[in-house]
Amino acid sequence: MKHRSLNPTTRSRRGAVRAAFVVGLIGGAFVTSVIVGVVVIWLHLSDDPVYTDETMRDAQLRWTENGPADYDMTIIVTGRQPGEIHVEVRNGQPTRVTRDHQHLSESDQMTPWTVPGMFDIVERDAENAADAAQGVGDFATKEISQWVSFHEQFGYPQRYHRVIGGTPQEIRWEVTEFHAR
């Protein structure tokens with residue numbers, strides 16, 4: 001019986017072809033996932049209306065009239081400082097707030113993640129956007145864009161997204177759970 005031996009050059013070519021195929025497959029999967037991610041984010045953003053003072057006033061009024069004094073909520077934050085935040089509020093005051101399962105004990109760390117604190121963040125960003133549009137303030141040369149969806153019944157900011165053009169200062173949050181107590 002005659003044995004055929006492969007030429008070492010043939011083996012290295014086959015290996016190179018296989019390696020190129022694997023790299024191409026992985027690269028194609030990566031590019032596809034990036035495109036899908038961008039499309040999903042774009043579609044999600046298109047659901048949220050651009051911030052207006054009128055919708056903010058309406059939402060704050062709904063919260064004042066219908067918002068419970070006792071509630072628990074979970075907020076998923078993405079952007080520069082991503083995390084998962086759990087908030088417990090009793091009699092309108094934060095009693096327990098965790099970020100990524102770490103207890104926050106300082107009032108200035110807890111209060112921003114209550115509903116009134118979230119309204120304050122959105123309003124402060126709107127004030128910065130108005131200043132920037134007039135060429136004044138810390139972001140005078142930047143364009144600040146805001147999108148926000150408010151809860152139909154209670155009025156709290158359910159989804160929020162703010163982008164400061166030309167900077168990595170982007171924030172996005174979504175209230176994924178809200179329970180009136």
# chains A, B, ... in the order shown; residues from 1 in each chain; ligands from 1

$ residues_around --residues "Lys142 of chain A" --least-positions-apart "5" --cutoff "8 Å" --atoms "only C-alpha atoms" --output "PyMOL selection string"
chain A and resi 132+164-166

$ residues_around --residues "Ile144 of chain A" --least-positions-apart "3" --cutoff "9 Å" --atoms "only C-alpha atoms" --output "MDAnalysis selection string"
chainID A and resid 125:126 128:130 132:133 139 162:165

$ write_last_selection --atoms "C-alpha atoms" --output "CSV table (one decimal), in the first residue's frame"
chain,number,residue,atom,x,y,z
A,125,ASP,CA,-30.4,68.9,31.9
A,126,ALA,CA,-33.1,71.0,30.2
A,128,ASN,CA,-28.2,73.3,30.6
A,129,ALA,CA,-29.6,72.6,27.1
A,130,ALA,CA,-31.3,76.0,27.0
A,132,ALA,CA,-26.0,75.8,25.7
A,133,ALA,CA,-28.4,76.8,22.9
A,139,PHE,CA,-21.8,73.3,27.7
A,162,ARG,CA,-29.6,62.6,27.4
A,163,VAL,CA,-26.7,63.2,25.1
A,164,ILE,CA,-24.2,66.1,25.2
A,165,GLY,CA,-22.8,66.2,21.7

$ select_by_dssp --residues "segment 1-171 of chain A" --states "strand (DSSP E or B)" --output "PyMOL selection string"
chain A and resi 50+71-79+83-90+93-99+102-104+144-150+157-164+170-171

$ write_last_selection --atoms "C-alpha atoms" --output "mmCIF file, in the first residue's frame"
data_model
loop_
_atom_site.group_PDB
_atom_site.id
_atom_site.type_symbol
_atom_site.label_atom_id
_atom_site.label_comp_id
_atom_site.auth_asym_id
_atom_site.auth_seq_id
_atom_site.Cartn_x
_atom_site.Cartn_y
_atom_site.Cartn_z
ATOM 1 C CA VAL A 50 -38.093 64.753 22.644
ATOM 2 C CA TYR A 71 -43.064 52.958 46.368
ATOM 3 C CA ASP A 72 -40.297 50.611 45.281
ATOM 4 C CA MET A 73 -38.643 50.777 41.883
ATOM 5 C CA THR A 74 -35.776 49.347 39.891
ATOM 6 C CA ILE A 75 -33.858 51.546 37.475
ATOM 7 C CA ILE A 76 -31.369 50.342 34.868
ATOM 8 C CA VAL A 77 -28.793 53.022 34.033
ATOM 9 C CA THR A 78 -26.509 52.939 30.992
ATOM 10 C CA GLY A 79 -23.948 55.406 29.722
ATOM 11 C CA GLY A 83 -25.710 50.185 36.989
ATOM 12 C CA GLU A 84 -28.854 48.753 38.487
ATOM 13 C CA ILE A 85 -30.518 50.822 41.171
ATOM 14 C CA HIS A 86 -33.193 49.652 43.611
ATOM 15 C CA VAL A 87 -35.102 52.343 45.487
ATOM 16 C CA GLU A 88 -37.476 52.081 48.431
ATOM 17 C CA VAL A 89 -39.380 55.245 49.392
ATOM 18 C CA ARG A 90 -41.653 55.568 52.416
ATOM 19 C CA GLN A 93 -38.377 59.797 51.713
ATOM 20 C CA PRO A 94 -35.806 57.282 50.460
ATOM 21 C CA THR A 95 -35.374 54.576 53.100
ATOM 22 C CA ARG A 96 -33.167 52.163 51.157
ATOM 23 C CA VAL A 97 -31.254 52.656 47.906
ATOM 24 C CA THR A 98 -28.783 50.208 46.403
ATOM 25 C CA ARG A 99 -26.622 50.540 43.323
ATOM 26 C CA GLN A 102 -24.198 48.212 47.281
ATOM 27 C CA HIS A 103 -26.162 50.155 49.883
ATOM 28 C CA LEU A 104 -26.077 53.940 49.432
ATOM 29 C CA ILE A 144 -27.645 68.753 24.378
ATOM 30 C CA SER A 145 -30.458 66.426 23.329
ATOM 31 C CA GLN A 146 -33.047 64.882 25.644
ATOM 32 C CA TRP A 147 -35.701 62.243 25.147
ATOM 33 C CA VAL A 148 -38.094 61.249 27.902
ATOM 34 C CA SER A 149 -41.181 59.092 28.352
ATOM 35 C CA PHE A 150 -43.351 59.582 31.405
ATOM 36 C CA PRO A 157 -39.856 59.637 34.153
ATOM 37 C CA GLN A 158 -40.052 56.047 32.932
ATOM 38 C CA ARG A 159 -37.322 56.292 30.281
ATOM 39 C CA TYR A 160 -34.788 59.061 29.895
ATOM 40 C CA HIS A 161 -31.886 59.641 27.536
ATOM 41 C CA ARG A 162 -29.574 62.648 27.425
ATOM 42 C CA VAL A 163 -26.669 63.198 25.052
ATOM 43 C CA ILE A 164 -24.174 66.050 25.194
ATOM 44 C CA GLU A 170 -24.391 60.364 27.987
ATOM 45 C CA ILE A 171 -26.948 58.979 30.382
#

$ select_by_dssp --residues "segment 29-160 of chain A" --states "alpha helix (DSSP H)" --output "PyMOL selection string"
chain A and resi 29-47+53-66+107-110+115-133

$ closest_residue --among "A:Asn91, A:Asn66, A:Thr176, A:Gln169" --to "Glu152 of chain A" --atoms "only C-alpha atoms"
A:Asn66

$ atom_distance --atom1 "atom CA of Val115 of chain A" --atom2 "atom CA of Ala140 of chain A"
28.4 Å

$ closest_residue --among "A:His179, A:Phe154, A:Val136, A:Glu174" --to "Glu65 of chain A" --atoms "only C-alpha atoms"
A:Phe154

$ atom_distance --atom1 "atom CA of Ala69 of chain A" --atom2 "atom CA of Gly92 of chain A"
4.7 Å

$ closest_residue --among "A:Gly135, A:Pro168, A:Pro116, A:Pro49" --to "Gly67 of chain A" --atoms "only C-alpha atoms"
A:Pro116

$ atom_distance --atom1 "atom CA of Val175 of chain A" --atom2 "atom CA of Gln81 of chain A"
16.0 Å
